[in-house]
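Beneath this line is the structure, given in structure tokens, with notes to follow.
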Amino acid sequence: MIKLNVNGRVHDVDAPADTPLLWVLREWVGLAGTKYGCGVSVCGACAVHMDGEITRSCGIMLGEVKDAKIVTIEGLSADGLSHPVQKAWLAHEVPQCGYCQSGQIMAAAALLKGTPKPSDADIDAAMTNICRCGTYQRVRAAIHTAAKTGAA
Amino acid sequence: MSGRGVRGAGHMEQISVVARRGFLGSAAAVAGAFSLGWTIPGAQAQGVANSAATAAGGVEVGIWAVVMPDDTVVVRIARSEMGQGTLTGLAQLVADEMDADWAMVRAEYISPEANLASKRAWGDMSTGGSRGIRGSVEYVRKGGAAARAMLIQAAAAQWGVPVGECAASESVITHKPSGRTLRYGQVAAAAAKLPVPTDVTVKTPAEWKIVGRGVKRLDTVEKLSGKLVFAIDLQLPGMLNASIAQCPVFGGKIGSFDAAKVMGMPGVRHVLKVDDSTIAVVADKWWQAQTALKALPIVWNEGANANVSSASIAKHLEGGLDAKEAFVGLKQGDVTAAMAGAVKKVEAVYGTPFLNHATMEPMTCTAKWDGTTIEVWVSSQNGDASLAAAGEAAGVPLAQVKVNKHHLGGGFGRRGHQDYVRQAVMIAKQVPGRPVKMIWSREEDMQHGLYRPITMAKMQAGLDAQGNLVALHGRISGQSILAYIAPARMAGGMDPVQFQGWNKEEFGYQAIPNLLMDHAMRNTHVPVGFWRGVNHNQNSIYMECFFDEVAHAAGRDPLAFRLGLMGQMPKLAAVLRAAAEKAEYAKPLPAGVFRGICANYGFGSYTAAVAEVSVSKAGELKILRIVAAIDCGHAVNPDQIAAQVEGSFVYGLSPLFTSENTVEKGRIVEGNFDTYEVMKLDQMPKVETVVVPSGGFWGGVGEPTIAVAAPAVLNAIFAATGKRIRTLPLKHHDLSHA
């Protein structure tokens with residue numbers, strides 16, 4: 001058993017240490033909001049916060065997490081709607097199919113935490129998640145809105 | 001809507017024929033037949049479906065709406081939601097005709113088995129060809145109007161007053177003389193017992209209250225919290241998970257595999273042959289199945305295609321550029337004679353590669369076999385076809401199939417094909433009693449797609465002494481989608497889909513006196529399919545970039561040159577003018593900024609784009625701005641139309657910049673997003689959408705503007721650099737210039 005702190009709760013996980021955190025979250029912990037997109041840390045659909053840092057969970061193994069606190073999309077806000085990024089996402093109607101949006105939202109929330117008033121260049125650099133529906137224009141607009149409403 | 005909609009009494013028989021063929025024949029053919037559609041107008045048909053809404057105490061008022069005791073109106077949706085907003089648009093159409101309170105409107109999928117059992121009362125479930133709304137609009141509106149009439153009739157009966165004295169608004173019925181009111185939820189039970197009226201009149205556009213508004217989508221909130229259960233997220237009691245490997249060479253088969261080598265690995269339950277070319281490992285967790293699959297020794301019989309490469313395919317296609325035999329898609333006048341008499345000739349050869357859909361959610365399907373019934377949980381663009389495919393794969397009559405539809409994590413045409421449903425069923429049949437969720441790895445998804453077909457085009461134009469375009473020949477050489485997907489839909493060996501944008505109905509420049517559009521079919525062993533925008537994408541690149549070349553050769557302004565030949569298509573000219581106006585085409589651009597334009601008519605909508613770019617001397621391209629215009633007739637939800645247009649530029653510009661699938665040793669080379677590169681946010685240009693709904697028709701929205709993305713930018717690149725880029729992607733080209 002390996003202890004894993006997810007969204008403020010400690011889980012005892014019966015998975016090998018070399019299991020990617022993504023699959024631990026989805027299949028052992030039962031939190032499927034974090035998505036599988038590529039498995040090679042390129043697409044960002046699996047992004048979570050690890051001690052506040054944006055982390056692609058497909059590329060980090062369970063054994064490497066140790067005492068770090070993991071926050072997933074399910075833990076970003078209590079009601080799933082009240083984080084400034086989630087509010088801005090709703091206001092701008094960002095999601096289309098929605099599959100990549102967990103990762104996009106987690107990346108945006110991490111960006112705003114470190115850079116409360118990001119420039120377009122900051123957004124370009126931080127938001128490297130793939131969206132095939134092509135919501136990028138609204139992702140950018142929603143991040144600017146979230147920055148204005150603040151308290152991210 | 002052309003050619004669709006209400007049919008006579010004979011169609012019931014046709015449906016049962018389709019259903020039988022679905023059981024006995026190939027599911028691909030069934031999917032094709034279904035997508036051609038024998039649509040029953042829902043308002044006139046009787047359908048009954050138990051659903052989440054009825055289970056929660058709602059009653060069906062007609063077949064398109066369930067009214068809950070608290071006045072919530074749940075609109076039934078037959079099409080699939082894959083991000084394109086159809087679910088919300090259809091709900092708007094029904095709710096508006098119902099005079100429902102939009103704040104209290106929700107939506108639910110109708111199940112394919114309910115549709116089948118009710119003789120397809122909810123019509124065609126196929127969601128492709130940008131038909132989700134325009135293909136449903138007649139009968140869903142009638143369904144909403146029928147529900148409204150029933151609710152009013154029930155209220156009038158309760159009051160004992162004439163129906164004509166009652167009016168409905170925002171889910172409340174008012175008896176006008178007395179001012180008495182009843183809410184929909186109060187009369188729904190009585191209304192549900194009334195016969196569904198068949199002679200309802202739908203509103204005129206001037207009467208719309210919900211249609212035409214950019215209301216919020218009904219499916220956004222659950223996409224913000226991670227709570228939406230995509231098919232890949234499904235968890236069922238006792239569920240097992242499967243990962244599959246298909247022969248990397250298309251057409252190859254399993255030679256042998258050594259299951260014993262992995263049976264002892266953690267969680268592994270089964271190593272199975274799924275079909276002649278597919279092996280599955282079934283385990284407790286998907287990660288365990290995938291880990292074991294990677295360790296599984298497999299020998300493939302790669303077959304006859306193991307030496308095919310992109311180079312050999314290119315040679316194959318080049319042979320078609322001047323081939324004598326070709327299918328004719330459009331002919332007018334005498335191109336050969338006119339070309340011979342031309343004073344100036346322009347010729348260019350273009351080409352575009354295979355492209356994977358690369359939906360963010362890889363192919364996935366869960367199936368459970370209990371010895372009698374096959375039940376599947378799937379994100380599918382065609383619930384009817386999933387049902388047919390599951391029944392066929394399981395070898396059971398369609399009445400023993402259940403299909404649970406999930407929202408799609410991207411579709412783009414890929415999930416109209418049912419290969420992954422069949423595989424999940426073949427796995428489940430070998431593991432009876434337990435649901436098995438099959439997920440394709442990204443690599444499997446990337447290397448076993450139904451790719452956008454590879455084509456080349458030889459374009460030839462003839463100008464007279466005054467610089468008028470008197471002859472135009474467009475020769476496509478390349479792969480046919482229908483030849484792979486649905487040969488039964490071909491016409492005398494010809495694939496009419498190949499000529500999208502270049503046929504009599506869609507070609508924009510029919511004022512050119514001598515025209516010939518033809519196709520030398522050059523198929524390959526690589527599976528191909530409908531890729532969002534389909535053949536419009538390539539054909540528009542070939543035509544609209546070549547048109548720019550011809551305008552340049554004629555010494556004409558590209559906008560005026562186009563407009564001068566669009567006489568037969570005034571709405572296309574109007575949308576091009578609208579884009580040009582918004583982009584301030586008449587005004588000079590700042591130094592270093594260059595412009596390209598294009599137009600296309602497809603999926604029933606008129607589209608145009610203006611791109612503004614800069615290209616540094618060293619060749620660095622920046623797209624500064626895109627103005628995109630669309631006339632889709634009636635605009636159901638302008639904000640969602642804008643969202644589709646914005647997104648379509650990502651789908652259209654990714655293959656301009658970087659995306660391509662290449663073939664070596666018979667297999668697709670690219671395995672993941674590290675090599676199949678797609679656009680990211682930093683490359684996203686500012687897209688300004690101009691919606692110019694001219695009314696009078698219902699055009700598609702999800703696909704058409706993809707066709708104008710790449711040509712506008714390519715034409716701007718020429719303006720900036722003097723370089724004509726005729727093969728994609730741009731990553732293979734040097735844009736540096738003096």
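Starting from 1 in every chain, residues are counted up; chains themselves are A, B, ... following the order of the structure tokens, and ligands are numbered from 1 as listed.
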Skip range 218-232 of chain B itself and residues of its chain fewer than 4 positions away, then list as a PyMOL selection string all residues within 8 Å of it, counting only C-alpha atoms.
(chain A and resi 32-34+73-74+79-81+86+89-90+93+95+98-99+101-102+105) or (chain B and resi 87-88+106-107+361+364-366+377-379+406-409+437+439)
Which residues are near range 62-64 of chain B? Cut-off 7 Å, only C-alpha atoms, ignore same chain within fewer than 6 positions. Put them as a list in words.
Gly47, Val48, Val75, Arg76, Val140, Gly143, Gly144, Ala146, Ala147, Ala192 and Val196 of chain B
Strand (DSSP E) per DSSP on the backbone: members of range 256-363 of chain B, as a ChimeraX atom specification:
/B:256-257,268-275,278-283,298-301,327-332,344-352
Kindly determine which residues of chain B lie within 6 Å of chain A, considering only C-alpha atoms, and give the answer as a PyMOL selection string.
chain B and resi 82-83+223+225-226+233+360+409-410+442+647+650+680-682
How far is it from CA of Gly185 in chain B to CA of Val73 in chain B, in Å with one decimal?
8.7 Å
Considering only helix (DSSP H, G or I) as DSSP defines it on the backbone, what residues of range 183-216 of chain B qualify? List them as a ChimeraX atom specification.
/B:184-192,205-207
N, CA, C and O atoms of the current selection, written as a short mmCIF file (atom, residue, chain, number, x, y, z; two decimals), in the first residue's frame:
```
data_model
loop_
_atom_site.label_atom_id
_atom_site.label_comp_id
_atom_site.auth_asym_id
_atom_site.auth_seq_id
_atom_site.Cartn_x
_atom_site.Cartn_y
_atom_site.Cartn_z
N TYR B 184 -47.33 24.27 -17.07
CA TYR B 184 -47.20 23.04 -17.87
C TYR B 184 -47.19 21.79 -16.98
O TYR B 184 -47.80 20.79 -17.31
N GLY B 185 -46.50 21.88 -15.88
CA GLY B 185 -46.41 20.72 -15.01
C GLY B 185 -47.76 20.29 -14.45
O GLY B 185 -47.97 19.13 -14.11
N GLN B 186 -48.68 21.24 -14.36
CA GLN B 186 -50.00 20.93 -13.80
C GLN B 186 -50.91 20.23 -14.80
O GLN B 186 -51.86 19.55 -14.40
N VAL B 187 -50.67 20.42 -16.08
CA VAL B 187 -51.56 19.83 -17.09
C VAL B 187 -50.89 18.74 -17.92
O VAL B 187 -51.52 18.14 -18.78
N ALA B 188 -49.62 18.49 -17.65
CA ALA B 188 -48.88 17.56 -18.50
C ALA B 188 -49.50 16.16 -18.50
O ALA B 188 -49.60 15.52 -19.56
N ALA B 189 -49.93 15.70 -17.34
CA ALA B 189 -50.47 14.34 -17.27
C ALA B 189 -51.72 14.21 -18.14
O ALA B 189 -51.90 13.21 -18.85
N ALA B 190 -52.57 15.23 -18.10
CA ALA B 190 -53.78 15.21 -18.94
C ALA B 190 -53.41 15.37 -20.41
O ALA B 190 -53.96 14.70 -21.28
N ALA B 191 -52.45 16.25 -20.66
CA ALA B 191 -52.04 16.49 -22.05
C ALA B 191 -51.47 15.22 -22.68
O ALA B 191 -51.71 14.94 -23.87
N ALA B 192 -50.74 14.45 -21.87
CA ALA B 192 -50.10 13.25 -22.40
C ALA B 192 -51.10 12.22 -22.91
O ALA B 192 -50.78 11.38 -23.73
N PRO B 205 -40.04 32.78 -38.39
CA PRO B 205 -38.86 33.29 -37.70
C PRO B 205 -39.15 34.53 -36.84
O PRO B 205 -38.55 34.70 -35.77
N ALA B 206 -40.07 35.36 -37.27
CA ALA B 206 -40.38 36.56 -36.49
C ALA B 206 -40.98 36.23 -35.13
O ALA B 206 -40.92 37.04 -34.20
N GLU B 207 -41.54 35.03 -35.02
CA GLU B 207 -42.18 34.64 -33.76
C GLU B 207 -41.23 33.93 -32.80
O GLU B 207 -41.60 33.61 -31.68
#
```
So what do you get for CA of Val346 in chain B versus CA of Leu515 in chain B, distance-wise?
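Taking CA of Val346 in chain B as the start and CA of Leu515 in chain B as the end point, the length is 14.4 Å.
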Nearby residues (only C-alpha atoms) at most 10 Å from Gly52 in chain A, same-chain spacing under 4 positions excluded, as a list of chain:residue names:
A:Val48, A:Ala68, A:Lys69, A:Ile70, A:Val71, A:Ala109, A:Ala110, A:Lys113, A:Gly114
Mind dumping the selected residues with N, CA and C atoms as a PDB file, in the first residue's frame?
```
ATOM      1  N   VAL A  48      -2.874  17.832 -13.285  1.00  0.00           N
ATOM      2  CA  VAL A  48      -3.333  18.004 -11.900  1.00  0.00           C
ATOM      3  C   VAL A  48      -2.361  18.968 -11.206  1.00  0.00           C
ATOM      4  N   ALA A  68       3.531  14.532  -1.558  1.00  0.00           N
ATOM      5  CA  ALA A  68       2.955  15.695  -2.248  1.00  0.00           C
ATOM      6  C   ALA A  68       1.437  15.653  -2.202  1.00  0.00           C
ATOM      7  N   LYS A  69       0.869  16.856  -2.119  1.00  0.00           N
ATOM      8  CA  LYS A  69      -0.592  16.956  -2.110  1.00  0.00           C
ATOM      9  C   LYS A  69      -1.082  17.133  -3.537  1.00  0.00           C
ATOM     10  N   ILE A  70      -1.944  16.204  -3.945  1.00  0.00           N
ATOM     11  CA  ILE A  70      -2.488  16.235  -5.303  1.00  0.00           C
ATOM     12  C   ILE A  70      -3.877  16.883  -5.262  1.00  0.00           C
ATOM     13  N   VAL A  71      -4.101  17.788  -6.169  1.00  0.00           N
ATOM     14  CA  VAL A  71      -5.456  18.319  -6.353  1.00  0.00           C
ATOM     15  C   VAL A  71      -5.866  18.024  -7.794  1.00  0.00           C
ATOM     16  N   ALA A 109      -5.755  27.505 -13.764  1.00  0.00           N
ATOM     17  CA  ALA A 109      -5.768  27.822 -12.331  1.00  0.00           C
ATOM     18  C   ALA A 109      -4.345  27.927 -11.794  1.00  0.00           C
ATOM     19  N   ALA A 110      -3.474  27.039 -12.242  1.00  0.00           N
ATOM     20  CA  ALA A 110      -2.072  27.084 -11.797  1.00  0.00           C
ATOM     21  C   ALA A 110      -1.382  28.331 -12.324  1.00  0.00           C
ATOM     22  N   LYS A 113      -2.439  31.323 -10.308  1.00  0.00           N
ATOM     23  CA  LYS A 113      -1.894  31.314  -8.953  1.00  0.00           C
ATOM     24  C   LYS A 113      -0.505  31.941  -8.925  1.00  0.00           C
ATOM     25  N   GLY A 114       0.298  31.580  -9.931  1.00  0.00           N
ATOM     26  CA  GLY A 114       1.656  32.121  -9.983  1.00  0.00           C
ATOM     27  C   GLY A 114       1.731  33.489 -10.650  1.00  0.00           C
TER      28      GLY A 114
END
```
